[in-house]
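Heads up, final-v1.pdb below (PDB, N, CA and C atoms, pLDDT in the B column):
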ATOM      1  N   MET A   1      -9.072   1.885 -13.457  1.00 82.00           N
ATOM      2  CA  MET A   1      -8.780   0.563 -13.960  1.00 82.00           C
ATOM      3  C   MET A   1      -9.046  -0.448 -12.849  1.00 82.00           C
ATOM      4  N   SER A   2      -9.717  -1.527 -13.188  1.00 87.00           N
ATOM      5  CA  SER A   2     -10.076  -2.521 -12.186  1.00 87.00           C
ATOM      6  C   SER A   2      -8.869  -3.402 -11.836  1.00 87.00           C
ATOM      7  N   ALA A   3      -8.982  -4.053 -10.706  1.00 88.00           N
ATOM      8  CA  ALA A   3      -7.906  -4.928 -10.261  1.00 88.00           C
ATOM      9  C   ALA A   3      -7.729  -6.100 -11.216  1.00 88.00           C
ATOM     10  N   GLN A   4      -8.831  -6.575 -11.794  1.00 91.00           N
ATOM     11  CA  GLN A   4      -8.732  -7.696 -12.733  1.00 91.00           C
ATOM     12  C   GLN A   4      -7.940  -7.308 -13.973  1.00 91.00           C
ATOM     13  N   GLU A   5      -8.140  -6.101 -14.472  1.00 93.00           N
ATOM     14  CA  GLU A   5      -7.374  -5.627 -15.626  1.00 93.00           C
ATOM     15  C   GLU A   5      -5.897  -5.502 -15.269  1.00 93.00           C
ATOM     16  N   LEU A   6      -5.611  -5.088 -14.037  1.00 93.00           N
ATOM     17  CA  LEU A   6      -4.225  -4.944 -13.601  1.00 93.00           C
ATOM     18  C   LEU A   6      -3.538  -6.302 -13.472  1.00 93.00           C
ATOM     19  N   ARG A   7      -4.285  -7.309 -13.072  1.00 94.00           N
ATOM     20  CA  ARG A   7      -3.692  -8.649 -12.908  1.00 94.00           C
ATOM     21  C   ARG A   7      -3.244  -9.241 -14.243  1.00 94.00           C
ATOM     22  N   ASN A   8      -3.816  -8.754 -15.346  1.00 95.00           N
ATOM     23  CA  ASN A   8      -3.442  -9.257 -16.666  1.00 95.00           C
ATOM     24  C   ASN A   8      -2.169  -8.609 -17.204  1.00 95.00           C
ATOM     25  N   LYS A   9      -1.660  -7.596 -16.522  1.00 95.00           N
ATOM     26  CA  LYS A   9      -0.455  -6.897 -16.979  1.00 95.00           C
ATOM     27  C   LYS A   9       0.788  -7.504 -16.342  1.00 95.00           C
ATOM     28  N   THR A  10       1.923  -7.219 -16.963  1.00 94.00           N
ATOM     29  CA  THR A  10       3.187  -7.707 -16.425  1.00 94.00           C
ATOM     30  C   THR A  10       3.642  -6.802 -15.284  1.00 94.00           C
ATOM     31  N   PRO A  11       4.509  -7.310 -14.416  1.00 94.00           N
ATOM     32  CA  PRO A  11       5.010  -6.472 -13.315  1.00 94.00           C
ATOM     33  C   PRO A  11       5.716  -5.201 -13.803  1.00 94.00           C
ATOM     34  N   ASP A  12       6.408  -5.277 -14.941  1.00 96.00           N
ATOM     35  CA  ASP A  12       7.079  -4.084 -15.465  1.00 96.00           C
ATOM     36  C   ASP A  12       6.070  -3.018 -15.875  1.00 96.00           C
ATOM     37  N   GLN A  13       4.988  -3.448 -16.515  1.00 96.00           N
ATOM     38  CA  GLN A  13       3.947  -2.499 -16.898  1.00 96.00           C
ATOM     39  C   GLN A  13       3.307  -1.873 -15.669  1.00 96.00           C
ATOM     40  N   LEU A  14       3.115  -2.681 -14.633  1.00 96.00           N
ATOM     41  CA  LEU A  14       2.519  -2.174 -13.401  1.00 96.00           C
ATOM     42  C   LEU A  14       3.432  -1.157 -12.729  1.00 96.00           C
ATOM     43  N   ARG A  15       4.734  -1.437 -12.721  1.00 96.00           N
ATOM     44  CA  ARG A  15       5.678  -0.493 -12.101  1.00 96.00           C
ATOM     45  C   ARG A  15       5.720   0.828 -12.863  1.00 96.00           C
ATOM     46  N   ASP A  16       5.666   0.751 -14.190  1.00 97.00           N
ATOM     47  CA  ASP A  16       5.648   1.971 -14.995  1.00 97.00           C
ATOM     48  C   ASP A  16       4.403   2.800 -14.696  1.00 97.00           C
ATOM     49  N   GLN A  17       3.281   2.116 -14.587  1.00 97.00           N
ATOM     50  CA  GLN A  17       2.039   2.822 -14.288  1.00 97.00           C
ATOM     51  C   GLN A  17       2.084   3.415 -12.880  1.00 97.00           C
ATOM     52  N   LEU A  18       2.705   2.701 -11.952  1.00 97.00           N
ATOM     53  CA  LEU A  18       2.829   3.187 -10.583  1.00 97.00           C
ATOM     54  C   LEU A  18       3.661   4.466 -10.536  1.00 97.00           C
ATOM     55  N   VAL A  19       4.755   4.490 -11.275  1.00 98.00           N
ATOM     56  CA  VAL A  19       5.599   5.689 -11.323  1.00 98.00           C
ATOM     57  C   VAL A  19       4.816   6.873 -11.878  1.00 98.00           C
ATOM     58  N   ALA A  20       4.045   6.631 -12.934  1.00 98.00           N
ATOM     59  CA  ALA A  20       3.253   7.706 -13.536  1.00 98.00           C
ATOM     60  C   ALA A  20       2.208   8.233 -12.564  1.00 98.00           C
ATOM     61  N   LEU A  21       1.569   7.344 -11.833  1.00 97.00           N
ATOM     62  CA  LEU A  21       0.553   7.780 -10.867  1.00 97.00           C
ATOM     63  C   LEU A  21       1.163   8.547  -9.709  1.00 97.00           C
ATOM     64  N   LYS A  22       2.346   8.126  -9.270  1.00 97.00           N
ATOM     65  CA  LYS A  22       2.994   8.848  -8.177  1.00 97.00           C
ATOM     66  C   LYS A  22       3.411  10.252  -8.615  1.00 97.00           C
ATOM     67  N   LYS A  23       3.830  10.391  -9.871  1.00 98.00           N
ATOM     68  CA  LYS A  23       4.150  11.717 -10.392  1.00 98.00           C
ATOM     69  C   LYS A  23       2.898  12.576 -10.446  1.00 98.00           C
ATOM     70  N   GLU A  24       1.799  11.968 -10.873  1.00 97.00           N
ATOM     71  CA  GLU A  24       0.546  12.716 -10.935  1.00 97.00           C
ATOM     72  C   GLU A  24       0.103  13.143  -9.539  1.00 97.00           C
ATOM     73  N   ALA A  25       0.254  12.264  -8.562  1.00 97.00           N
ATOM     74  CA  ALA A  25      -0.120  12.600  -7.189  1.00 97.00           C
ATOM     75  C   ALA A  25       0.730  13.757  -6.675  1.00 97.00           C
ATOM     76  N   PHE A  26       2.009  13.741  -6.995  1.00 97.00           N
ATOM     77  CA  PHE A  26       2.893  14.836  -6.598  1.00 97.00           C
ATOM     78  C   PHE A  26       2.421  16.160  -7.207  1.00 97.00           C
ATOM     79  N   ASN A  27       2.104  16.117  -8.506  1.00 97.00           N
ATOM     80  CA  ASN A  27       1.636  17.333  -9.170  1.00 97.00           C
ATOM     81  C   ASN A  27       0.316  17.815  -8.590  1.00 97.00           C
ATOM     82  N   LEU A  28      -0.565  16.900  -8.248  1.00 97.00           N
ATOM     83  CA  LEU A  28      -1.841  17.285  -7.653  1.00 97.00           C
ATOM     84  C   LEU A  28      -1.639  17.926  -6.283  1.00 97.00           C
ATOM     85  N   ARG A  29      -0.706  17.382  -5.499  1.00 97.00           N
ATOM     86  CA  ARG A  29      -0.423  17.993  -4.189  1.00 97.00           C
ATOM     87  C   ARG A  29       0.135  19.398  -4.365  1.00 97.00           C
ATOM     88  N   PHE A  30       0.977  19.573  -5.364  1.00 96.00           N
ATOM     89  CA  PHE A  30       1.546  20.887  -5.652  1.00 96.00           C
ATOM     90  C   PHE A  30       0.452  21.879  -6.041  1.00 96.00           C
ATOM     91  N   GLN A  31      -0.468  21.420  -6.905  1.00 96.00           N
ATOM     92  CA  GLN A  31      -1.562  22.287  -7.331  1.00 96.00           C
ATOM     93  C   GLN A  31      -2.454  22.656  -6.148  1.00 96.00           C
ATOM     94  N   GLN A  32      -2.666  21.721  -5.253  1.00 96.00           N
ATOM     95  CA  GLN A  32      -3.499  22.015  -4.091  1.00 96.00           C
ATOM     96  C   GLN A  32      -2.831  23.039  -3.187  1.00 96.00           C
ATOM     97  N   ALA A  33      -1.532  22.922  -3.022  1.00 96.00           N
ATOM     98  CA  ALA A  33      -0.807  23.843  -2.160  1.00 96.00           C
ATOM     99  C   ALA A  33      -0.827  25.268  -2.717  1.00 96.00           C
ATOM    100  N   THR A  34      -0.888  25.397  -4.033  1.00 96.00           N
ATOM    101  CA  THR A  34      -0.892  26.722  -4.649  1.00 96.00           C
ATOM    102  C   THR A  34      -2.301  27.164  -5.036  1.00 96.00           C
ATOM    103  N   SER A  35      -3.314  26.440  -4.553  1.00 94.00           N
ATOM    104  CA  SER A  35      -4.729  26.758  -4.806  1.00 94.00           C
ATOM    105  C   SER A  35      -5.080  26.762  -6.285  1.00 94.00           C
ATOM    106  N   GLN A  36      -4.466  25.890  -7.062  1.00 95.00           N
ATOM    107  CA  GLN A  36      -4.758  25.786  -8.484  1.00 95.00           C
ATOM    108  C   GLN A  36      -5.510  24.506  -8.826  1.00 95.00           C
ATOM    109  N   LEU A  37      -5.760  23.673  -7.825  1.00 94.00           N
ATOM    110  CA  LEU A  37      -6.399  22.380  -8.065  1.00 94.00           C
ATOM    111  C   LEU A  37      -7.897  22.578  -8.274  1.00 94.00           C
ATOM    112  N   GLU A  38      -8.387  22.121  -9.417  1.00 94.00           N
ATOM    113  CA  GLU A  38      -9.811  22.266  -9.726  1.00 94.00           C
ATOM    114  C   GLU A  38     -10.607  21.015  -9.383  1.00 94.00           C
ATOM    115  N   ASN A  39     -10.071  19.845  -9.697  1.00 95.00           N
ATOM    116  CA  ASN A  39     -10.781  18.590  -9.446  1.00 95.00           C
ATOM    117  C   ASN A  39     -10.173  17.908  -8.225  1.00 95.00           C
ATOM    118  N   THR A  40     -10.702  18.197  -7.053  1.00 94.00           N
ATOM    119  CA  THR A  40     -10.134  17.650  -5.819  1.00 94.00           C
ATOM    120  C   THR A  40     -10.382  16.150  -5.694  1.00 94.00           C
ATOM    121  N   ALA A  41     -11.404  15.643  -6.352  1.00 97.00           N
ATOM    122  CA  ALA A  41     -11.709  14.210  -6.280  1.00 97.00           C
ATOM    123  C   ALA A  41     -10.631  13.381  -6.968  1.00 97.00           C
ATOM    124  N   ARG A  42      -9.882  13.992  -7.862  1.00 97.00           N
ATOM    125  CA  ARG A  42      -8.829  13.254  -8.581  1.00 97.00           C
ATOM    126  C   ARG A  42      -7.747  12.776  -7.619  1.00 97.00           C
ATOM    127  N   MET A  43      -7.483  13.537  -6.555  1.00 97.00           N
ATOM    128  CA  MET A  43      -6.472  13.128  -5.575  1.00 97.00           C
ATOM    129  C   MET A  43      -6.866  11.793  -4.947  1.00 97.00           C
ATOM    130  N   ARG A  44      -8.120  11.665  -4.587  1.00 97.00           N
ATOM    131  CA  ARG A  44      -8.602  10.430  -3.974  1.00 97.00           C
ATOM    132  C   ARG A  44      -8.503   9.272  -4.963  1.00 97.00           C
ATOM    133  N   THR A  45      -8.882   9.523  -6.200  1.00 97.00           N
ATOM    134  CA  THR A  45      -8.837   8.484  -7.225  1.00 97.00           C
ATOM    135  C   THR A  45      -7.418   7.993  -7.456  1.00 97.00           C
ATOM    136  N   VAL A  46      -6.481   8.916  -7.554  1.00 97.00           N
ATOM    137  CA  VAL A  46      -5.082   8.553  -7.788  1.00 97.00           C
ATOM    138  C   VAL A  46      -4.538   7.760  -6.606  1.00 97.00           C
ATOM    139  N   ARG A  47      -4.868   8.201  -5.409  1.00 97.00           N
ATOM    140  CA  ARG A  47      -4.379   7.517  -4.213  1.00 97.00           C
ATOM    141  C   ARG A  47      -4.896   6.078  -4.174  1.00 97.00           C
ATOM    142  N   ARG A  48      -6.148   5.870  -4.544  1.00 97.00           N
ATOM    143  CA  ARG A  48      -6.717   4.528  -4.548  1.00 97.00           C
ATOM    144  C   ARG A  48      -6.125   3.671  -5.658  1.00 97.00           C
ATOM    145  N   GLU A  49      -5.849   4.279  -6.801  1.00 97.00           N
ATOM    146  CA  GLU A  49      -5.230   3.527  -7.894  1.00 97.00           C
ATOM    147  C   GLU A  49      -3.822   3.078  -7.507  1.00 97.00           C
ATOM    148  N   VAL A  50      -3.089   3.939  -6.796  1.00 97.00           N
ATOM    149  CA  VAL A  50      -1.748   3.572  -6.322  1.00 97.00           C
ATOM    150  C   VAL A  50      -1.854   2.382  -5.366  1.00 97.00           C
ATOM    151  N   ALA A  51      -2.809   2.436  -4.464  1.00 97.00           N
ATOM    152  CA  ALA A  51      -2.987   1.332  -3.512  1.00 97.00           C
ATOM    153  C   ALA A  51      -3.360   0.052  -4.238  1.00 97.00           C
ATOM    154  N   ARG A  52      -4.222   0.161  -5.242  1.00 96.00           N
ATOM    155  CA  ARG A  52      -4.636  -1.007  -6.015  1.00 96.00           C
ATOM    156  C   ARG A  52      -3.443  -1.616  -6.746  1.00 96.00           C
ATOM    157  N   LEU A  53      -2.606  -0.763  -7.328  1.00 97.00           N
ATOM    158  CA  LEU A  53      -1.411  -1.244  -8.029  1.00 97.00           C
ATOM    159  C   LEU A  53      -0.456  -1.948  -7.068  1.00 97.00           C
ATOM    160  N   ASN A  54      -0.248  -1.353  -5.906  1.00 97.00           N
ATOM    161  CA  ASN A  54       0.639  -1.970  -4.922  1.00 97.00           C
ATOM    162  C   ASN A  54       0.113  -3.331  -4.478  1.00 97.00           C
ATOM    163  N   THR A  55      -1.196  -3.446  -4.324  1.00 96.00           N
ATOM    164  CA  THR A  55      -1.803  -4.712  -3.930  1.00 96.00           C
ATOM    165  C   THR A  55      -1.557  -5.785  -4.984  1.00 96.00           C
ATOM    166  N   VAL A  56      -1.781  -5.439  -6.244  1.00 96.00           N
ATOM    167  CA  VAL A  56      -1.590  -6.414  -7.318  1.00 96.00           C
ATOM    168  C   VAL A  56      -0.112  -6.793  -7.436  1.00 96.00           C
ATOM    169  N   LEU A  57       0.777  -5.818  -7.298  1.00 96.00           N
ATOM    170  CA  LEU A  57       2.213  -6.121  -7.353  1.00 96.00           C
ATOM    171  C   LEU A  57       2.617  -7.064  -6.220  1.00 96.00           C
ATOM    172  N   ASN A  58       2.081  -6.844  -5.031  1.00 96.00           N
ATOM    173  CA  ASN A  58       2.386  -7.730  -3.904  1.00 96.00           C
ATOM    174  C   ASN A  58       1.829  -9.126  -4.134  1.00 96.00           C
ATOM    175  N   GLU A  59       0.649  -9.218  -4.736  1.00 95.00           N
ATOM    176  CA  GLU A  59       0.085 -10.533  -5.054  1.00 95.00           C
ATOM    177  C   GLU A  59       0.988 -11.272  -6.027  1.00 95.00           C
ATOM    178  N   LYS A  60       1.451 -10.586  -7.048  1.00 95.00           N
ATOM    179  CA  LYS A  60       2.330 -11.212  -8.039  1.00 95.00           C
ATOM    180  C   LYS A  60       3.661 -11.640  -7.402  1.00 95.00           C
ATOM    181  N   ALA A  61       4.192 -10.817  -6.506  1.00 95.00           N
ATOM    182  CA  ALA A  61       5.439 -11.168  -5.829  1.00 95.00           C
ATOM    183  C   ALA A  61       5.247 -12.403  -4.947  1.00 95.00           C
ATOM    184  N   ARG A  62       4.104 -12.491  -4.288  1.00 95.00           N
ATOM    185  CA  ARG A  62       3.812 -13.639  -3.439  1.00 95.00           C
ATOM    186  C   ARG A  62       3.687 -14.908  -4.276  1.00 95.00           C
ATOM    187  N   GLU A  63       3.043 -14.789  -5.437  1.00 93.00           N
ATOM    188  CA  GLU A  63       2.915 -15.945  -6.330  1.00 93.00           C
ATOM    189  C   GLU A  63       4.277 -16.408  -6.828  1.00 93.00           C
ATOM    190  N   ALA A  64       5.139 -15.451  -7.162  1.00 92.00           N
ATOM    191  CA  ALA A  64       6.464 -15.800  -7.679  1.00 92.00           C
ATOM    192  C   ALA A  64       7.323 -16.440  -6.604  1.00 92.00           C
ATOM    193  N   ALA A  65       7.091 -16.110  -5.343  1.00 93.00           N
ATOM    194  CA  ALA A  65       7.894 -16.648  -4.263  1.00 93.00           C
ATOM    195  C   ALA A  65       7.533 -18.107  -3.959  1.00 93.00           C
ATOM    196  N   LYS A  66       6.360 -18.534  -4.375  1.00 86.00           N
ATOM    197  CA  LYS A  66       5.937 -19.923  -4.086  1.00 86.00           C
ATOM    198  C   LYS A  66       6.636 -20.938  -4.932  1.00 86.00           C
TER     199      LYS A  66
END
Now that the file is in, can you turn its structure into structure tokens?
Amino acid sequence: MSAQELRNKTPDQLRDQLVALKKEAFNLRFQQATSQLENTARMRTVRREVARLNTVLNEKAREAAK
């Protein structure tokens, strides 16, 4: 999901999506530790999506503080 699409969502929706991605990242780390992970590129994608979400949330918080 692009950053522009994320900017159109509410902070609550973004937080919900962030929680879901963090759970997925946890599960992916678990699968990697037990050698069950098939798509290793997904870890990188999830990590970048989490960073993108955090960036948009911080932008929204900065706007609200003004």
Checklist entry - If you apply the PyMOL selection byres (((chain A and resi 50-61 and name CA) around 9) and name CA) to this file, what residues do you get, as JSON, numbers by chain? => result {"A": [2, 3, 6, 7, 11, 14, 15, 17, 18, 21, 22, 45, 46, 47, 48, 49, 62, 63, 64, 65, 66]}
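The gap separating atom CA of A:Met43 from atom C of A:Ala25 is 7.3 Å, in Å to one decimal.
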Item to check | Distance in Å - atom CA of A:Ala20 versus atom N of A:Gln32 | outcome: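 Separating atom CA of A:Ala20 from atom N of A:Gln32 is a distance of 17.3 Å.
As for atom N of A:Leu28 and atom C of A:Ala41, they are spaced 10.7 Å apart.
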Box in all listed atoms of stretch 16-22 of chain A, axis-aligned, with 8 Å more on each side; write out centre and edge lengths in Å to one decimal as AutoDock Vina command-line options.
--center_x 3.1 --center_y 5.5 --center_z -11.6 --size_x 21.1 --size_y 25.5 --size_z 22.8
Item to check | helix (DSSP H, G or I) positions in chain A, given as number ranges by chain | outcome: A: 3-7, 11-33, 41-65
Output stretch 4-27 of chain A with N, CA, C and O atoms present, as a PDB file, in the frame of the given file.
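Result saved to rebuild_39.pdb:
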ATOM      1  N   GLN A   4      -8.831  -6.575 -11.794  1.00 91.00           N
ATOM      2  CA  GLN A   4      -8.732  -7.696 -12.733  1.00 91.00           C
ATOM      3  C   GLN A   4      -7.940  -7.308 -13.973  1.00 91.00           C
ATOM      4  O   GLN A   4      -7.125  -8.086 -14.475  1.00 91.00           O
ATOM      5  N   GLU A   5      -8.140  -6.101 -14.472  1.00 93.00           N
ATOM      6  CA  GLU A   5      -7.374  -5.627 -15.626  1.00 93.00           C
ATOM      7  C   GLU A   5      -5.897  -5.502 -15.269  1.00 93.00           C
ATOM      8  O   GLU A   5      -5.023  -5.786 -16.089  1.00 93.00           O
ATOM      9  N   LEU A   6      -5.611  -5.088 -14.037  1.00 93.00           N
ATOM     10  CA  LEU A   6      -4.225  -4.944 -13.601  1.00 93.00           C
ATOM     11  C   LEU A   6      -3.538  -6.302 -13.472  1.00 93.00           C
ATOM     12  O   LEU A   6      -2.347  -6.422 -13.744  1.00 93.00           O
ATOM     13  N   ARG A   7      -4.285  -7.309 -13.072  1.00 94.00           N
ATOM     14  CA  ARG A   7      -3.692  -8.649 -12.908  1.00 94.00           C
ATOM     15  C   ARG A   7      -3.244  -9.241 -14.243  1.00 94.00           C
ATOM     16  O   ARG A   7      -2.392 -10.122 -14.270  1.00 94.00           O
ATOM     17  N   ASN A   8      -3.816  -8.754 -15.346  1.00 95.00           N
ATOM     18  CA  ASN A   8      -3.442  -9.257 -16.666  1.00 95.00           C
ATOM     19  C   ASN A   8      -2.169  -8.609 -17.204  1.00 95.00           C
ATOM     20  O   ASN A   8      -1.661  -9.025 -18.233  1.00 95.00           O
ATOM     21  N   LYS A   9      -1.660  -7.596 -16.522  1.00 95.00           N
ATOM     22  CA  LYS A   9      -0.455  -6.897 -16.979  1.00 95.00           C
ATOM     23  C   LYS A   9       0.788  -7.504 -16.342  1.00 95.00           C
ATOM     24  O   LYS A   9       0.725  -8.172 -15.310  1.00 95.00           O
ATOM     25  N   THR A  10       1.923  -7.219 -16.963  1.00 94.00           N
ATOM     26  CA  THR A  10       3.187  -7.707 -16.425  1.00 94.00           C
ATOM     27  C   THR A  10       3.642  -6.802 -15.284  1.00 94.00           C
ATOM     28  O   THR A  10       3.225  -5.639 -15.204  1.00 94.00           O
ATOM     29  N   PRO A  11       4.509  -7.310 -14.416  1.00 94.00           N
ATOM     30  CA  PRO A  11       5.010  -6.472 -13.315  1.00 94.00           C
ATOM     31  C   PRO A  11       5.716  -5.201 -13.803  1.00 94.00           C
ATOM     32  O   PRO A  11       5.610  -4.151 -13.161  1.00 94.00           O
ATOM     33  N   ASP A  12       6.408  -5.277 -14.941  1.00 96.00           N
ATOM     34  CA  ASP A  12       7.079  -4.084 -15.465  1.00 96.00           C
ATOM     35  C   ASP A  12       6.070  -3.018 -15.875  1.00 96.00           C
ATOM     36  O   ASP A  12       6.269  -1.831 -15.613  1.00 96.00           O
ATOM     37  N   GLN A  13       4.988  -3.448 -16.515  1.00 96.00           N
ATOM     38  CA  GLN A  13       3.947  -2.499 -16.898  1.00 96.00           C
ATOM     39  C   GLN A  13       3.307  -1.873 -15.669  1.00 96.00           C
ATOM     40  O   GLN A  13       3.030  -0.676 -15.643  1.00 96.00           O
ATOM     41  N   LEU A  14       3.115  -2.681 -14.633  1.00 96.00           N
ATOM     42  CA  LEU A  14       2.519  -2.174 -13.401  1.00 96.00           C
ATOM     43  C   LEU A  14       3.432  -1.157 -12.729  1.00 96.00           C
ATOM     44  O   LEU A  14       2.967  -0.122 -12.239  1.00 96.00           O
ATOM     45  N   ARG A  15       4.734  -1.437 -12.721  1.00 96.00           N
ATOM     46  CA  ARG A  15       5.678  -0.493 -12.101  1.00 96.00           C
ATOM     47  C   ARG A  15       5.720   0.828 -12.863  1.00 96.00           C
ATOM     48  O   ARG A  15       5.789   1.903 -12.255  1.00 96.00           O
ATOM     49  N   ASP A  16       5.666   0.751 -14.190  1.00 97.00           N
ATOM     50  CA  ASP A  16       5.648   1.971 -14.995  1.00 97.00           C
ATOM     51  C   ASP A  16       4.403   2.800 -14.696  1.00 97.00           C
ATOM     52  O   ASP A  16       4.469   4.020 -14.561  1.00 97.00           O
ATOM     53  N   GLN A  17       3.281   2.116 -14.587  1.00 97.00           N
ATOM     54  CA  GLN A  17       2.039   2.822 -14.288  1.00 97.00           C
ATOM     55  C   GLN A  17       2.084   3.415 -12.880  1.00 97.00           C
ATOM     56  O   GLN A  17       1.580   4.516 -12.648  1.00 97.00           O
ATOM     57  N   LEU A  18       2.705   2.701 -11.952  1.00 97.00           N
ATOM     58  CA  LEU A  18       2.829   3.187 -10.583  1.00 97.00           C
ATOM     59  C   LEU A  18       3.661   4.466 -10.536  1.00 97.00           C
ATOM     60  O   LEU A  18       3.301   5.425  -9.849  1.00 97.00           O
ATOM     61  N   VAL A  19       4.755   4.490 -11.275  1.00 98.00           N
ATOM     62  CA  VAL A  19       5.599   5.689 -11.323  1.00 98.00           C
ATOM     63  C   VAL A  19       4.816   6.873 -11.878  1.00 98.00           C
ATOM     64  O   VAL A  19       4.868   7.981 -11.339  1.00 98.00           O
ATOM     65  N   ALA A  20       4.045   6.631 -12.934  1.00 98.00           N
ATOM     66  CA  ALA A  20       3.253   7.706 -13.536  1.00 98.00           C
ATOM     67  C   ALA A  20       2.208   8.233 -12.564  1.00 98.00           C
ATOM     68  O   ALA A  20       1.995   9.452 -12.464  1.00 98.00           O
ATOM     69  N   LEU A  21       1.569   7.344 -11.833  1.00 97.00           N
ATOM     70  CA  LEU A  21       0.553   7.780 -10.867  1.00 97.00           C
ATOM     71  C   LEU A  21       1.163   8.547  -9.709  1.00 97.00           C
ATOM     72  O   LEU A  21       0.575   9.511  -9.214  1.00 97.00           O
ATOM     73  N   LYS A  22       2.346   8.126  -9.270  1.00 97.00           N
ATOM     74  CA  LYS A  22       2.994   8.848  -8.177  1.00 97.00           C
ATOM     75  C   LYS A  22       3.411  10.252  -8.615  1.00 97.00           C
ATOM     76  O   LYS A  22       3.322  11.202  -7.844  1.00 97.00           O
ATOM     77  N   LYS A  23       3.830  10.391  -9.871  1.00 98.00           N
ATOM     78  CA  LYS A  23       4.150  11.717 -10.392  1.00 98.00           C
ATOM     79  C   LYS A  23       2.898  12.576 -10.446  1.00 98.00           C
ATOM     80  O   LYS A  23       2.926  13.756 -10.093  1.00 98.00           O
ATOM     81  N   GLU A  24       1.799  11.968 -10.873  1.00 97.00           N
ATOM     82  CA  GLU A  24       0.546  12.716 -10.935  1.00 97.00           C
ATOM     83  C   GLU A  24       0.103  13.143  -9.539  1.00 97.00           C
ATOM     84  O   GLU A  24      -0.357  14.275  -9.341  1.00 97.00           O
ATOM     85  N   ALA A  25       0.254  12.264  -8.562  1.00 97.00           N
ATOM     86  CA  ALA A  25      -0.120  12.600  -7.189  1.00 97.00           C
ATOM     87  C   ALA A  25       0.730  13.757  -6.675  1.00 97.00           C
ATOM     88  O   ALA A  25       0.229  14.669  -5.999  1.00 97.00           O
ATOM     89  N   PHE A  26       2.009  13.741  -6.995  1.00 97.00           N
ATOM     90  CA  PHE A  26       2.893  14.836  -6.598  1.00 97.00           C
ATOM     91  C   PHE A  26       2.421  16.160  -7.207  1.00 97.00           C
ATOM     92  O   PHE A  26       2.330  17.173  -6.521  1.00 97.00           O
ATOM     93  N   ASN A  27       2.104  16.117  -8.506  1.00 97.00           N
ATOM     94  CA  ASN A  27       1.636  17.333  -9.170  1.00 97.00           C
ATOM     95  C   ASN A  27       0.316  17.815  -8.590  1.00 97.00           C
ATOM     96  O   ASN A  27       0.099  19.030  -8.451  1.00 97.00           O
TER      97      ASN A  27
END
